[in-house]
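Student: Input: one structure, supplied below.
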Amino acid sequence: METITLTYPLTEDIITDYARPQVLAIGQFDGLHLGHASVIQSAVRLAAQVGLPASVMTFHPHPKEVMKKGDYEGYLTPPEEKEEILREMGVDYLYIVEFNDAFSRVSPQNFVSGMLLPLGTTTAVVGFDFRFGYRGEGHAGMLRELSENTMDVHTVPPFLIEGEKVSSSGIRKALQEGDVSLTNSWLGRPYTLKGTVMHGEKRGRKIGFPTANVEPSEHYVLPAKGVYAVRANHNGTWHQGVMNVGVKPTFHDNVLHPTLEIHLLDYSGDLYGDILLVQLIHFIREERKFNGIDELVSQITKDAMTARELLQPID
Ligand SMILES: Cc1cc2nc3c(=O)[nH]c(=O)nc-3n(C[C@H](O)[C@H](O)[C@H](O)COP(=O)(O)O)c2cc1C
Ligand SMILES: Nc1ncnc2c1ncn2[C@@H]1O[C@H](COP(=O)(O)OP(=O)(O)O)[C@@H](O)[C@H]1O
């Protein structure tokens, strides 16, 4: 898969290098959840049927981040992770359109005539609720007409789980409520965060539970405060672990921003400066204020046992 950053209007170089007949799935696709996967898989299937490349067009930064609407909570899948997932899905070209103030004002007509058609899009594949162009005035039903019938358009129906429409907003809400089970079932994989291990207060090792403090590498949607069973990948090896997302009320008052701390169950070594990929597997309990270190340690010991029981053995 090749990743290409696009700006509007397209440059002559981009058109020379990338204009070709292609099947293009278009969307924000934050989360790449099962609904998004069904749109992208439709594009990959259609492309294979007609012998054309399968492409995906997405937008970065997230429009809500740029428009500063105030309800922007972060990414479920930052660009790098999106790229990895799309590569595995068999996508040939990933176009990342730079979303900025000027792009937000491009009309639906100009998006089609200045972006989709010059790239050679023969078929556009979009979700049922796809909106595009200034103020989201464009919708799936307008794409064919705006292309003057030169583009085929496939609209993919909502993906339902137990009668509910899988959506990025539903996943964000579930994560912020600590509902790992719904999050992972709608994503079709465990929610994953990536970050670097930073120095903390050095208390963990003294109480028998060293915890790697993970500073997220991107502006992720953070899970609710609480304790989770996790799997963590360090240099290609998966470990079982138990993570606290919180403000450590036993030791601190008035901390605003939660930190992510992971105790790996069967590990000892130096992780500082290293990258961990952390998969949320189960929610265990809410964070609490304990009456002293002994109570906290006895609870963390129980949490570690619970995590061990909840996590499947790793092959
Ligand atoms: C599994 C687990 C559960 C935790 N639960 C709580 C909790 O409920 N309340 C709390 O104040 N701190 C909790 N902590 C955070 C500990 O207070 C923290 O790991 C310890 O103070 C070490 O901090 P340090 O890594 O900055 O040295 C938890 C930590 C772990 C690993
Ligand atoms: N099983 C383990 N799980 C997590 N970190 C570990 C483990 N064993 C050793 N470490 C190391 O210990 C550090 C955490 O120790 P801790 O005393 O909590 O210090 P800090 O407050 O700086 O996080 C980790 O960053 C890592 O380098």
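Residues in the structure tokens are numbered from 1 in each chain, the chains being A, B, ... in the order shown, and ligands are numbered from 1 in the order shown.
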Produce as an MDAnalysis selection string the set of residues near ligand 2, where near means within 10 Å with only C-alpha atoms and all ligand atoms considered.
Tutor: chainID A and resid 196:214 239:243 261:274
Student: Output as a ChimeraX atom specification all residues of range 56-193 of chain A that backbone DSSP marks as alpha helix (DSSP H).
Tutor: /A:63-67,79-88,101-104,108-111,140-146,168-176,180-187
Student: Pick out each residue of range 51-286 of chain A that DSSP on the backbone tags as strand (DSSP E); I need them as number ranges by chain.
Tutor: A: 54-60, 93-98, 121-127, 131-132, 138-139, 152-156, 160-161, 164-165, 192-198, 212-216, 226-234, 237-246, 259-264, 275-285
Student: Tell me which protein, DNA and RNA residues are within 8 Å of range 112-124 of chain A, counting only C-alpha atoms, leaving out same-chain ones fewer than 4 positions away, and put them as a VMD selection string.
Tutor: chain A and resid 8 to 10 15 18 to 26 108 143 146 to 147 150 to 154
Student: Need the shell around Ala48 in chain A: protein/DNA/RNA residues with any atom at most 12 Å away, counting only C-alpha atoms. Skip same-chain ones fewer than 3 positions apart. Format as a list in words?
Tutor: Gln22, Val23, Gln41, Ser42, Ala43, Val44, Arg45, Gly51, Leu52, Pro53, Ala54, Ser55, Gly90, Val91 and Asp92 of chain A
Student: Might you pull out every residue within 8 Å of Lys225 in chain A, with only C-alpha atoms counted and same-chain residues fewer than 4 positions away left off, and present them as a PyMOL selection string?
Tutor: chain A and resi 178+244-246+258+286-287
Student: Just N, CA and C atoms for this one: save the residues we selected as a short mmCIF file (atom, residue, chain, number, x, y, z; two decimals), in the first residue's frame.
Tutor:
data_model
loop_
_atom_site.label_atom_id
_atom_site.label_comp_id
_atom_site.auth_asym_id
_atom_site.auth_seq_id
_atom_site.Cartn_x
_atom_site.Cartn_y
_atom_site.Cartn_z
N GLY A 178 -15.94 3.11 30.24
CA GLY A 178 -15.23 1.90 30.65
C GLY A 178 -15.84 0.62 30.09
N ASN A 244 -3.75 0.85 35.36
CA ASN A 244 -4.60 1.83 36.04
C ASN A 244 -4.62 3.10 35.21
N VAL A 245 -5.83 3.54 34.87
CA VAL A 245 -5.97 4.84 34.22
C VAL A 245 -6.53 5.74 35.31
N GLY A 246 -5.71 6.69 35.78
CA GLY A 246 -6.28 7.47 36.88
C GLY A 246 -5.41 8.57 37.42
N PRO A 258 -5.67 12.19 33.93
CA PRO A 258 -5.28 10.84 34.32
C PRO A 258 -4.01 10.37 33.61
N GLU A 286 -13.39 0.35 39.20
CA GLU A 286 -13.15 1.80 39.19
C GLU A 286 -11.95 2.14 40.07
N GLU A 287 -11.33 3.28 39.84
CA GLU A 287 -10.23 3.73 40.69
C GLU A 287 -10.81 4.22 42.02
#
Student: Which residues come within 10 Å of Val39 in chain A, counting only C-alpha atoms, excluding same-chain residues fewer than 2 positions away, as number ranges by chain?
Tutor: A: 25-27, 29, 32, 34-37, 41-44, 56, 125-128, 154-159
Student: Record the distance separating CA of Leu76 in chain A and CA of Ile161 in chain A, expressed in Å with one decimal.
Tutor: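 Distance between the two atoms: 19.2 Å.
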Student: Compile the contact shell of Glu218 in chain A as a ChimeraX atom specification: residues with an atom at most 10 Å away, counting only C-alpha atoms, same-chain residues fewer than 6 positions apart removed.
Tutor: /A:74-80,193-195
